[in-house]
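Undergrad: mmCIF, C-alpha atoms, saved as work-v7.cif, coming up:
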```cif
data_protein
#
loop_
_atom_site.label_atom_id
_atom_site.label_comp_id
_atom_site.auth_asym_id
_atom_site.auth_seq_id
_atom_site.Cartn_x
_atom_site.Cartn_y
_atom_site.Cartn_z
CA MET A 1 -12.54 16.21 8.60
CA GLY A 2 -12.37 12.83 6.87
CA PHE A 3 -10.28 11.90 3.87
CA MET A 4 -12.86 9.98 1.82
CA PRO A 5 -15.99 11.63 0.35
CA THR A 6 -19.22 9.88 1.33
CA GLU A 7 -20.14 9.19 -2.29
CA VAL A 8 -16.82 7.37 -2.87
CA SER A 9 -17.41 5.22 0.20
CA ARG A 10 -20.92 4.37 -1.00
CA THR A 11 -19.63 3.37 -4.43
CA HIS A 12 -17.03 1.07 -2.87
CA ILE A 13 -19.63 -0.46 -0.54
CA ASP A 14 -21.93 -1.06 -3.51
CA ARG A 15 -19.13 -3.05 -5.14
CA VAL A 16 -18.90 -5.21 -2.03
CA ARG A 17 -22.65 -5.82 -2.26
CA GLU A 18 -22.20 -7.07 -5.81
CA ILE A 19 -19.90 -9.76 -4.38
CA MET A 20 -22.52 -10.52 -1.74
CA GLU A 21 -25.19 -11.06 -4.37
CA ARG A 22 -22.95 -13.40 -6.40
CA LYS A 23 -21.83 -15.43 -3.38
CA ASN A 24 -25.11 -15.28 -1.45
CA TYR A 25 -23.56 -13.63 1.61
CA ASP A 26 -25.88 -12.04 4.17
CA ALA A 27 -23.06 -9.72 5.22
CA VAL A 28 -19.33 -9.14 4.73
CA LEU A 29 -16.97 -8.50 7.64
CA VAL A 30 -13.84 -6.56 6.61
CA TYR A 31 -11.06 -6.68 9.21
CA TYR A 32 -8.61 -3.81 9.70
CA ASP A 33 -6.01 -2.48 12.12
CA GLU A 34 -3.29 0.14 11.92
CA PHE A 35 -0.85 -2.36 10.39
CA ASN A 36 -3.43 -3.73 7.91
CA ILE A 37 -5.27 -0.58 6.96
CA GLY A 38 -5.94 -1.14 3.26
CA ASN A 39 -9.17 -3.14 3.23
CA GLY A 40 -10.87 -0.98 5.84
CA TRP A 41 -9.60 2.26 4.32
CA TYR A 42 -11.09 1.32 0.94
CA LEU A 43 -14.57 1.61 2.48
CA THR A 44 -14.09 4.30 5.12
CA GLY A 45 -11.04 6.47 4.42
CA TRP A 46 -10.17 5.85 8.06
CA CYS A 47 -8.21 3.57 10.38
CA PRO A 48 -8.07 3.46 14.19
CA GLN A 49 -5.09 3.80 16.46
CA PHE A 50 -4.39 1.24 19.21
CA GLU A 51 -7.52 -0.83 18.53
CA SER A 52 -8.48 -3.16 15.70
CA GLY A 53 -11.91 -3.52 14.19
CA ALA A 54 -14.02 -4.34 11.18
CA VAL A 55 -16.44 -2.82 8.73
CA LEU A 56 -19.63 -4.86 8.69
CA VAL A 57 -21.48 -4.50 5.38
CA PRO A 58 -24.97 -6.06 5.41
CA ARG A 59 -26.63 -7.04 2.17
CA HIS A 60 -29.29 -4.41 2.91
CA GLY A 61 -29.15 -1.46 5.26
CA GLU A 62 -26.45 0.73 6.75
CA SER A 63 -22.86 -0.44 7.16
CA MET A 64 -21.27 -0.16 10.58
CA LEU A 65 -17.87 -0.07 12.24
CA LEU A 66 -17.19 -2.66 14.92
CA GLY A 67 -14.38 -1.41 17.10
CA GLY A 68 -13.47 -0.08 20.51
CA PRO A 69 -14.37 2.90 22.69
CA GLU A 70 -11.07 4.73 22.17
CA SER A 71 -11.61 4.84 18.42
CA GLU A 72 -15.33 5.60 18.43
CA PRO A 73 -15.13 9.43 18.70
CA PHE A 74 -12.34 9.47 16.10
CA ALA A 75 -14.43 7.32 13.75
CA LYS A 76 -17.52 9.50 14.11
CA GLN A 77 -15.43 12.51 13.11
CA ASP A 78 -13.33 11.12 10.28
CA SER A 79 -14.72 7.83 8.94
CA ALA A 80 -17.03 7.88 5.94
CA VAL A 81 -18.97 5.11 7.74
CA LYS A 82 -20.42 6.81 10.84
CA LYS A 83 -22.47 4.07 12.48
CA THR A 84 -20.32 2.55 15.23
CA ARG A 85 -20.60 -0.24 17.78
CA ASN A 86 -18.09 -0.95 20.54
CA PHE A 87 -17.52 -4.66 20.05
CA LYS A 88 -15.73 -6.87 22.57
CA PRO A 89 -13.51 -8.91 20.18
CA PHE A 90 -11.80 -5.75 18.86
CA MET A 91 -11.20 -3.91 22.14
CA VAL A 92 -7.91 -3.58 24.01
CA PRO A 93 -7.78 -6.70 26.23
CA ASP A 94 -8.52 -6.07 29.93
CA GLU A 95 -9.06 -2.32 29.46
CA GLU A 96 -12.16 -0.91 31.14
CA TYR A 97 -14.47 1.73 29.65
CA PRO A 98 -17.23 2.31 32.21
CA ALA A 99 -18.82 5.23 30.31
CA SER A 100 -19.14 3.30 27.02
CA THR A 101 -21.78 0.92 25.77
CA VAL A 102 -20.13 -2.34 24.73
CA ILE A 103 -21.87 -5.13 22.86
CA GLY A 104 -21.09 -8.77 22.17
CA PHE A 105 -22.41 -11.28 19.66
CA PRO A 106 -25.91 -11.65 21.16
CA GLU A 107 -26.56 -7.93 20.79
CA LEU A 108 -24.98 -7.84 17.31
CA PHE A 109 -27.06 -10.80 16.15
CA ALA A 110 -30.23 -9.22 17.47
CA GLU A 111 -29.56 -5.98 15.62
CA LEU A 112 -28.67 -7.73 12.37
CA ARG A 113 -31.75 -9.95 12.52
CA ARG A 114 -33.94 -6.89 12.92
CA ASN A 115 -32.34 -5.33 9.84
CA ILE A 116 -31.60 -8.22 7.47
CA GLY A 117 -33.21 -11.33 8.95
CA ALA A 118 -31.49 -14.58 9.89
CA LEU A 119 -27.75 -14.85 9.27
CA LYS A 120 -26.71 -17.91 7.30
CA LYS A 121 -23.49 -16.99 5.50
CA ILE A 122 -20.95 -14.22 6.12
CA GLY A 123 -17.95 -13.37 3.94
CA VAL A 124 -14.83 -12.52 5.92
CA VAL A 125 -12.07 -10.32 4.50
CA GLY A 126 -8.62 -10.41 6.10
CA ALA A 127 -9.08 -13.36 8.47
CA ASP A 128 -5.47 -14.35 7.77
CA ARG A 129 -4.37 -11.00 9.21
CA MET A 130 -6.32 -11.23 12.48
CA PRO A 131 -4.58 -12.06 15.75
CA THR A 132 -5.40 -15.65 16.73
CA GLY A 133 -7.45 -14.63 19.76
CA CYS A 134 -9.51 -12.23 17.70
CA TYR A 135 -10.19 -14.81 15.00
CA ASN A 136 -11.15 -17.44 17.56
CA ALA A 137 -13.60 -15.02 19.17
CA ILE A 138 -15.17 -14.24 15.79
CA ALA A 139 -15.42 -17.91 14.83
CA ALA A 140 -16.94 -18.89 18.18
CA GLY A 141 -19.30 -15.94 18.26
CA PHE A 142 -20.64 -16.66 14.77
CA SER A 143 -21.31 -20.30 15.68
CA GLY A 144 -24.06 -21.66 13.45
CA VAL A 145 -23.27 -19.15 10.69
CA GLU A 146 -21.15 -20.23 7.71
CA LEU A 147 -17.96 -18.13 7.47
CA ALA A 148 -16.52 -17.93 3.96
CA ASP A 149 -13.21 -16.36 2.92
CA ALA A 150 -14.09 -13.33 0.76
CA THR A 151 -10.58 -11.86 0.76
CA ASP A 152 -9.57 -12.63 -2.84
CA ASP A 153 -12.83 -11.31 -4.33
CA TYR A 154 -12.52 -8.18 -2.20
CA LEU A 155 -8.88 -7.51 -3.09
CA ARG A 156 -9.77 -7.66 -6.77
CA LEU A 157 -12.10 -4.70 -6.22
CA ARG A 158 -9.00 -2.71 -5.32
CA TYR A 159 -6.99 -3.66 -8.42
CA ILE A 160 -8.63 -1.03 -10.65
CA LYS A 161 -8.56 2.48 -9.24
CA ASP A 162 -11.50 4.83 -9.82
CA ASP A 163 -11.18 8.48 -10.79
CA TRP A 164 -11.02 9.73 -7.21
CA GLU A 165 -8.37 7.18 -6.22
CA ARG A 166 -6.21 7.94 -9.26
CA GLY A 167 -6.50 11.66 -8.53
CA CYS A 168 -5.19 11.11 -5.00
CA ILE A 169 -2.34 8.96 -6.29
CA ARG A 170 -1.31 11.61 -8.85
CA LYS A 171 -1.16 14.23 -6.09
CA ALA A 172 0.87 11.87 -3.93
CA PHE A 173 3.42 11.41 -6.72
CA ALA A 174 3.69 15.20 -6.99
CA LEU A 175 4.59 15.27 -3.28
CA ALA A 176 7.12 12.48 -3.89
CA ASP A 177 8.80 14.73 -6.47
CA VAL A 178 9.34 17.58 -4.00
CA SER A 179 10.45 15.10 -1.33
CA TYR A 180 13.03 13.74 -3.76
CA ASP A 181 14.47 17.21 -4.34
CA ALA A 182 14.62 17.88 -0.59
CA MET A 183 16.31 14.56 0.23
CA LYS A 184 18.81 14.88 -2.61
CA ALA A 185 19.75 18.38 -1.40
CA ALA A 186 20.31 17.03 2.14
CA ILE A 187 22.76 14.33 1.02
CA ARG A 188 26.35 15.32 1.72
CA PRO A 189 29.35 13.96 3.63
CA GLY A 190 28.81 14.40 7.36
CA ALA A 191 25.00 14.41 7.24
CA GLN A 192 23.07 11.75 9.15
CA GLU A 193 20.72 9.39 7.33
CA ILE A 194 17.93 10.55 9.63
CA GLN A 195 18.47 14.17 8.53
CA VAL A 196 17.98 13.12 4.92
CA ALA A 197 14.74 11.36 5.87
CA ALA A 198 13.53 14.40 7.82
CA ALA A 199 14.04 16.66 4.82
CA GLY A 200 11.83 14.48 2.63
CA GLU A 201 9.18 13.94 5.29
CA TYR A 202 8.95 17.66 6.03
CA ALA A 203 8.67 18.53 2.34
CA ALA A 204 5.70 16.16 2.01
CA ARG A 205 3.97 16.86 5.34
CA SER A 206 4.25 20.64 4.98
CA ARG A 207 2.48 20.36 1.61
CA GLY A 208 -0.41 18.27 2.88
CA ALA A 209 0.67 14.62 3.00
CA SER A 210 -1.78 12.56 5.05
CA GLY A 211 0.92 10.03 5.96
CA PHE A 212 3.45 7.71 4.36
CA GLY A 213 3.28 4.31 2.73
CA PHE A 214 6.44 3.19 4.50
CA THR A 215 9.00 4.64 6.90
CA ALA A 216 11.56 6.66 4.93
CA ILE A 217 14.26 4.52 3.33
CA VAL A 218 17.77 5.94 3.67
CA GLY A 219 20.57 3.38 3.46
CA SER A 220 24.14 4.50 2.83
CA GLY A 221 27.08 2.26 2.03
CA THR A 222 26.54 -1.32 3.19
CA ARG A 223 23.31 -0.36 4.98
CA ALA A 224 21.65 -0.40 1.55
CA ASN A 225 21.89 -4.20 1.69
CA ALA A 226 19.02 -4.22 4.20
CA VAL A 227 16.45 -3.95 1.33
CA VAL A 228 14.21 -1.49 3.21
CA PRO A 229 16.58 0.22 5.67
CA THR A 230 14.91 2.91 7.74
CA ALA A 231 17.06 5.96 8.37
CA SER A 232 19.58 5.64 11.19
CA SER A 233 22.05 7.93 12.94
CA LYS A 234 24.81 6.73 10.59
CA ILE A 235 26.93 9.50 9.10
CA LEU A 236 27.12 9.66 5.30
CA THR A 237 30.69 9.24 4.09
CA ALA A 238 32.34 10.66 0.97
CA GLY A 239 32.60 8.10 -1.80
CA GLU A 240 29.56 6.10 -0.67
CA THR A 241 26.22 5.83 -2.40
CA VAL A 242 22.92 6.17 -0.59
CA MET A 243 19.63 4.48 -1.46
CA ILE A 244 16.59 6.66 -0.75
CA GLY A 245 12.85 6.09 -0.93
CA LEU A 246 9.75 7.85 0.32
CA ALA A 247 6.03 7.23 -0.22
CA PRO A 248 3.91 10.28 0.69
CA LYS A 249 0.15 9.75 0.88
CA VAL A 250 -2.75 11.99 -0.13
CA ASN A 251 -6.11 11.04 1.41
CA GLY A 252 -4.52 7.73 2.36
CA TYR A 253 -3.30 6.86 -1.17
CA ALA A 254 0.42 6.59 -1.86
CA GLY A 255 2.89 7.92 -4.35
CA VAL A 256 6.56 6.93 -4.26
CA MET A 257 10.04 7.68 -5.44
CA GLY A 258 13.32 5.80 -5.12
CA ASP A 259 16.86 6.48 -6.29
CA TYR A 260 20.55 5.58 -5.89
CA LEU A 261 22.64 8.70 -5.27
CA PRO A 262 26.31 9.56 -4.64
CA VAL A 263 27.09 11.09 -1.24
CA SER A 264 29.83 13.27 -2.74
CA GLY A 265 27.61 14.57 -5.55
CA GLU A 266 29.38 12.71 -8.34
CA TYR A 267 29.25 9.01 -9.22
CA THR A 268 32.52 7.13 -9.51
CA SER A 269 33.02 5.19 -12.74
CA ASP A 270 32.14 1.97 -10.91
CA GLN A 271 28.96 3.48 -9.46
CA LYS A 272 28.01 4.65 -12.95
CA GLU A 273 28.20 1.05 -14.13
CA CYS A 274 25.75 0.08 -11.42
CA LEU A 275 23.40 2.91 -12.39
CA LYS A 276 23.56 1.88 -16.05
CA VAL A 277 22.35 -1.59 -15.14
CA LEU A 278 19.54 -0.22 -12.98
CA ARG A 279 18.30 2.17 -15.66
CA GLU A 280 18.43 -0.36 -18.47
CA ALA A 281 16.44 -2.82 -16.33
CA PHE A 282 14.00 0.00 -15.62
CA ARG A 283 13.59 0.80 -19.32
CA LEU A 284 13.04 -2.88 -20.17
CA THR A 285 10.34 -3.25 -17.53
CA ARG A 286 8.66 0.04 -18.42
CA ALA A 287 8.41 -1.06 -22.06
CA MET A 288 6.34 -4.08 -20.96
CA LEU A 289 3.63 -2.01 -19.27
CA LYS A 290 0.90 -2.58 -21.84
CA PRO A 291 -2.74 -3.58 -21.23
CA GLY A 292 -3.08 -7.35 -21.44
CA ALA A 293 0.53 -8.06 -20.46
CA VAL A 294 0.95 -10.94 -17.99
CA GLY A 295 3.04 -10.53 -14.83
CA ARG A 296 5.69 -13.12 -15.64
CA ASP A 297 6.20 -11.55 -19.08
CA ILE A 298 6.52 -8.06 -17.59
CA ASP A 299 9.22 -9.34 -15.24
CA ALA A 300 11.19 -11.47 -17.70
CA PRO A 301 13.20 -9.02 -19.88
CA ALA A 302 14.79 -7.11 -17.00
CA ARG A 303 15.41 -10.34 -15.08
CA ARG A 304 17.26 -11.86 -18.05
CA PHE A 305 19.27 -8.66 -18.45
CA CYS A 306 20.25 -8.57 -14.77
CA GLU A 307 21.20 -12.24 -14.80
CA LYS A 308 23.55 -11.60 -17.73
CA HIS A 309 25.27 -9.03 -15.50
CA GLY A 310 25.75 -11.54 -12.67
CA LEU A 311 22.95 -10.21 -10.47
CA ASP A 312 20.74 -13.32 -10.39
CA GLY A 313 21.68 -14.08 -6.78
CA TYR A 314 20.82 -10.57 -5.63
CA LEU A 315 17.33 -10.04 -7.08
CA ILE A 316 15.18 -10.07 -3.94
CA CYS A 317 12.05 -8.31 -5.27
CA PRO A 318 9.94 -8.34 -8.46
CA PHE A 319 10.34 -5.41 -10.85
CA ALA A 320 6.69 -4.28 -10.94
CA HIS A 321 3.80 -4.03 -8.51
CA THR A 322 0.63 -2.01 -8.11
CA ILE A 323 0.37 0.99 -5.78
CA GLY A 324 -2.66 2.41 -3.99
CA ILE A 325 -3.54 2.52 -0.30
CA HIS A 326 -0.33 0.58 0.25
CA GLU A 327 2.85 1.53 -1.56
CA ALA A 328 3.05 -2.05 -2.78
CA GLU A 329 -0.17 -4.05 -3.02
CA SER A 330 -1.72 -6.83 -5.08
CA PRO A 331 -1.23 -7.73 -7.81
CA PHE A 332 2.56 -8.15 -7.82
CA PHE A 333 3.88 -8.82 -11.32
CA GLY A 334 6.70 -11.21 -10.40
CA PRO A 335 8.42 -14.05 -12.29
CA ASN A 336 5.59 -16.54 -11.57
CA SER A 337 2.67 -14.12 -11.78
CA GLY A 338 -0.30 -14.83 -14.03
CA ASP A 339 -1.95 -11.49 -13.21
CA VAL A 340 -2.93 -9.39 -16.20
CA LEU A 341 -2.19 -5.67 -16.53
CA GLN A 342 -5.42 -3.71 -17.03
CA PRO A 343 -6.40 -0.10 -17.76
CA GLY A 344 -7.13 1.74 -14.52
CA MET A 345 -4.30 0.09 -12.61
CA THR A 346 -1.55 2.20 -11.07
CA VAL A 347 1.78 0.38 -11.25
CA CYS A 348 5.33 0.98 -10.07
CA VAL A 349 8.47 -0.06 -11.85
CA ASP A 350 10.70 -0.89 -8.88
CA VAL A 351 14.13 -2.14 -9.98
CA SER A 352 16.47 -3.29 -7.23
CA PHE A 353 19.13 -5.73 -6.11
CA PHE A 354 20.72 -6.28 -2.72
CA GLY A 355 23.79 -7.87 -1.16
CA HIS A 356 26.17 -7.32 -4.06
CA PRO A 357 29.81 -7.54 -2.90
CA LYS A 358 30.80 -4.35 -4.71
CA TRP A 359 27.63 -2.32 -5.33
CA HIS A 360 25.81 -3.35 -2.14
CA GLY A 361 22.09 -2.58 -2.50
CA SER A 362 20.26 -0.21 -4.82
CA ARG A 363 16.75 0.66 -5.95
CA ILE A 364 15.17 3.07 -8.43
CA GLU A 365 11.41 3.45 -8.57
CA THR A 366 8.51 5.49 -9.90
CA GLY A 367 4.95 4.84 -11.04
CA PHE A 368 2.59 4.76 -14.01
CA GLU A 369 -1.12 4.86 -14.69
CA ILE A 370 -2.15 2.13 -17.13
CA THR A 371 -4.42 3.42 -19.89
CA GLU A 372 -5.97 1.80 -22.95
CA THR A 373 -2.92 2.82 -24.97
CA GLY A 374 -0.13 2.10 -22.48
CA ALA A 375 1.65 3.53 -19.45
CA LYS A 376 1.32 7.20 -18.48
CA PRO A 377 3.95 8.46 -16.01
CA LEU A 378 2.64 9.48 -12.59
CA SER A 379 5.87 11.46 -12.25
CA ALA A 380 7.21 12.85 -15.51
CA LYS A 381 10.25 14.02 -13.55
CA MET A 382 11.26 10.61 -12.19
CA ASP A 383 10.34 8.78 -15.38
CA ALA A 384 12.65 11.08 -17.36
CA LEU A 385 15.43 10.57 -14.81
CA HIS A 386 15.24 6.77 -14.65
CA THR A 387 15.01 6.33 -18.43
CA SER A 388 17.89 8.71 -19.23
CA GLU A 389 21.33 7.57 -20.29
CA VAL A 390 24.12 7.69 -17.73
CA GLU A 391 26.64 10.33 -18.77
#
```
Would you write the structure of this file as structure tokens?
TA:
Amino acid sequence: MGFMPTEVSRTHIDRVREIMERKNYDAVLVYYDEFNIGNGWYLTGWCPQFESGAVLVPRHGESMLLGGPESEPFAKQDSAVKKTRNFKPFMVPDEEYPASTVIGFPELFAELRRNIGALKKIGVVGADRMPTGCYNAIAAGFSGVELADATDDYLRLRYIKDDWERGCIRKAFALADVSYDAMKAAIRPGAQEIQVAAAGEYAARSRGASGFGFTAIVGSGTRANAVVPTASSKILTAGETVMIGLAPKVNGYAGVMGDYLPVSGEYTSDQKECLKVLREAFRLTRAMLKPGAVGRDIDAPARRFCEKHGLDGYLICPFAHTIGIHEAESPFFGPNSGDVLQPGMTVCVDVSFFGHPKWHGSRIETGFEITETGAKPLSAKMDALHTSEVE
């Protein structure tokens, strides 16, 4: 059973065809693999394992998946795009599949000419993410056809989430809430970081999570300096803090939570000072989430505040980014960003610093849906927590 309804896939494909009409593309080739799932997932609700591939959207006619024989049965079951072709450039190198029909560029060209006529110009999405050998095979195979980079136009389709996408994201944030409770309950002296991660992952998976936007973040003590530390076998020690984060997915769309918690159950006075800074920076950034706001302006108040507290050398990440198929995806509203906040976006306030000599690393995070009137919390629970005063 697939994750994406057919009608959602068709709507997203129609948006790609609007780009094709404007740019005079005969087709658009959208690259994907299991490490770069977003662009392919937007059209199919599916991504292969082991193999890479592409969604080929012609200006007219049925879209198809170009991939490998191992993924073909999986795609026919779960992808919203069912038409598949086993295509040499995306197969596992040197592997043999004697029972499968495999095509190359001559066969692909012949099929496309029958359906849409001569190929003159193809938009390519994600060429910068392809392995070199794969890109070279595509470029050589499409000799005589103009290849144009369609990535930026395509990514902009994903900026504004439709009703179905926002519904998935809301459900994912609800799973993040229960994961937060489970991870917080697992934090105690003597527990392993990996046990804390397991508690959150189980809470989400057992309630229907389709996956995770990143591997669970659990970093205690100095391990929090690693920015995105995956859980290790390290034992949590009394007096330390632990940075946690988890991004459960529903139908391939992510929610997220992040917090800075005391291993012993109570913050020391010094740790409270750190938390006060984090929460004030969070409140300042949240207040800037208004339609029409520009990225650099969203980032500025919290950045100035943190710099006044001596954190300017420890601010590794921007304070706001969008969330969707990836936990963090374009646009990123950083200190040099000219991107404009728009209704329909789903945005995280993600306040963090790393490498501090006393406080180490810390992050607090939750998300918001941008409406015509402002920011609506995707997690009322985490919004209330991160905006509250430190007692």
Undergrad: My list of candidates is A:Gly334, A:Ile316, A:Asn86, A:Ile235. Which is closest to Glu107 in chain A when distances are computed with all atoms listed in the file?
TA: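 Selected residue with least distance to Glu107 in chain A: A:Asn86.
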Undergrad: Quick one: pull the distance between CA of Ser388 in chain A and CA of Thr237 in chain A, Å, one decimal.
TA: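 Pair CA of Ser388 in chain A / CA of Thr237 in chain A returns 26.6 Å.
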Undergrad: Write out as an NGL selection string the residues lying within 12 Å of range 294-311 of chain A, counting all atoms listed in the file and excluding same-chain residues fewer than 4 positions away.
TA: :A and (273-274 or 276-290 or 315-322 or 330-342 or 347-362)
Undergrad: So how many Å separate CA of Gly313 in chain A and CA of Val256 in chain A, to one decimal?
TA: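 Separation between CA of Gly313 in chain A and CA of Val256 in chain A: 26.0 Å.
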Undergrad: Could you write out as a ChimeraX atom specification the residues that the PyMOL selection byres ((chain A and resi 379) around 9) matches in the shown file?
TA: /A:170,173-174,176-177,257,366-368,376-378,380-384
Undergrad: Which residues match the PyMOL selection byres ((chain A and resi 121) around 12) in the file above, as a list in words?
TA: Met20, Glu21, Lys23, Asn24, Tyr25, Asp26, Ala27, Val28, Leu29, Pro58, Arg59, Gly117, Ala118, Leu119, Lys120, Ile122, Gly123, Val124, Phe142, Ser143, Gly144, Val145, Glu146, Leu147, Ala148, Asp149 and Ala150 of chain A
Undergrad: Got a sec to resolve the PyMOL selection byres ((chain A and resi 158-163) around 8) on this structure and send the residues as JSON, numbers by chain?
TA: {"A": [42, 154, 155, 156, 157, 164, 165, 166, 167, 322, 324, 330, 331, 342, 343, 344, 345, 346]}
Undergrad: Give me the residues within 12 Å of range 100-106 of chain A as a list in words, counting all atoms listed in the file and dropping any in the same chain fewer than 5 places off.
TA: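 Residues meeting the cut-off are Leu66, Gly67, Gly68, Pro69, Glu70, Ser71, Glu72, Pro73, Thr84, Arg85, Asn86, Phe87, Lys88, Pro89, Phe90, Met91, Glu95, Glu111, Leu112, Arg113, Ala137, Ile138, Ala139, Ala140, Gly141, Phe142, Ser143 and Val145 of chain A.
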Undergrad: Would you mind reading off the distance between CA of Val227 in chain A and CA of Ile244 in chain A, one decimal, in Å?
TA: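 For CA of Val227 in chain A relative to CA of Ile244 in chain A, the distance reads 10.8 Å.
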Undergrad: Once 8 Å is added on each side, what centre and edge lengths in Å to one decimal does the axis-aligned box around all listed atoms of range 76-80 of chain A have, as AutoDock Vina command-line options?
TA:
```
--center_x -15.4 --center_y 10.2 --center_z 10.0 --size_x 20.2 --size_y 20.7 --size_z 24.2
```
Undergrad: For each of A:Leu246, A:Ala216, A:Ala328, A:Ala375, take the minimum atom-to-atom distance to Ile194 in chain A, counting only C-alpha atoms, then give the residue where this is smallest.
TA: A:Ala216
Undergrad: Taking all atoms listed in the file into account, which of A:Ala231, A:Ala80, A:Val218, A:Ile323 comes nearest His12 in chain A?
TA: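 The shortest atom-to-atom distance to His12 in chain A comes from A:Ala80.
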Undergrad: Neighbours of Thr241 in chain A within 9 Å (all atoms listed in the file; same-chain residues fewer than 5 positions away dropped), as a ChimeraX atom specification?
TA: /A:219-221,224,236,260-264,267,271,359,362
Undergrad: I'd like to know which of A:Cys134, A:Asn39, A:Lys171, A:Ala247 is closest to Glu51 in chain A, using all atoms listed in the file.
TA: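 Nearest to Glu51 in chain A: A:Cys134.
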Undergrad: Quick one: residues within 12 Å of Ile37 in chain A, only C-alpha atoms, excluding same-chain residues fewer than 4 positions away - as JSON, numbers by chain?
TA: {"A": [30, 31, 32, 33, 41, 42, 43, 44, 45, 46, 47, 48, 49, 51, 52, 53, 54, 55, 126, 129, 213, 252, 253, 324, 325, 326, 327, 329]}
Undergrad: Of the residues A:Ala254, A:Met130, A:Ile217, A:Val125, which is the one nearest to Leu175 in chain A, using only C-alpha atoms?
TA: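 Nearest candidate to Leu175 in chain A out of A:Ala254, A:Met130, A:Ile217, A:Val125: A:Ala254.
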Undergrad: Within 8 Å of (20.7, 13.0, 0.6), all atoms listed in the file: residues as a PyMOL selection string?
TA: chain A and resi 182-188+193+196+242+244+261+263
Undergrad: Rank nothing, just name the residue among A:Thr222, A:Glu96, A:Lys234, A:Tyr180 nearest to Tyr202 in chain A, using only C-alpha atoms.
TA: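 Residue with the minimum atom-to-atom distance to Tyr202 in chain A: A:Tyr180.
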Undergrad: Export range 362-375 of chain A of the preceding structure, keeping N, CA and C atoms, as a CSV table (one decimal), in the first residue's frame.
TA:
```csv
chain,number,residue,atom,x,y,z
A,362,SER,N,23.6,22.8,22.5
A,362,SER,CA,22.2,22.7,22.8
A,362,SER,C,21.3,23.1,21.7
A,363,ARG,N,20.1,22.5,21.7
A,363,ARG,CA,19.1,22.9,20.6
A,363,ARG,C,17.7,22.7,21.2
A,364,ILE,N,16.8,23.6,20.8
A,364,ILE,CA,15.4,23.5,21.1
A,364,ILE,C,14.7,23.8,19.7
A,365,GLU,N,13.6,23.0,19.5
A,365,GLU,CA,13.0,23.1,18.1
A,365,GLU,C,11.6,22.6,18.1
A,366,THR,N,10.7,23.3,17.4
A,366,THR,CA,9.4,22.8,17.0
A,366,THR,C,9.0,23.6,15.8
A,367,GLY,N,7.7,23.3,15.3
A,367,GLY,CA,7.3,23.9,14.0
A,367,GLY,C,6.0,24.6,14.0
A,368,PHE,N,5.8,25.4,12.9
A,368,PHE,CA,4.6,26.2,12.7
A,368,PHE,C,4.1,26.2,11.3
A,369,GLU,N,2.8,26.3,11.2
A,369,GLU,CA,2.2,26.5,9.8
A,369,GLU,C,2.0,28.0,9.7
A,370,ILE,N,2.5,28.5,8.5
A,370,ILE,CA,2.3,29.9,8.3
A,370,ILE,C,1.0,30.1,7.6
A,371,THR,N,0.1,31.0,8.2
A,371,THR,CA,-1.2,31.3,7.7
A,371,THR,C,-1.2,32.8,7.3
A,372,GLU,N,-2.3,33.2,6.7
A,372,GLU,CA,-2.4,34.6,6.3
A,372,GLU,C,-2.3,35.6,7.5
A,373,THR,N,-2.6,35.1,8.7
A,373,THR,CA,-2.5,36.0,9.9
A,373,THR,C,-1.3,35.8,10.8
A,374,GLY,N,-0.4,34.8,10.5
A,374,GLY,CA,0.7,34.5,11.3
A,374,GLY,C,1.1,33.1,11.4
A,375,ALA,N,1.7,32.7,12.5
A,375,ALA,CA,2.2,31.3,12.7
A,375,ALA,C,1.3,30.6,13.6
```
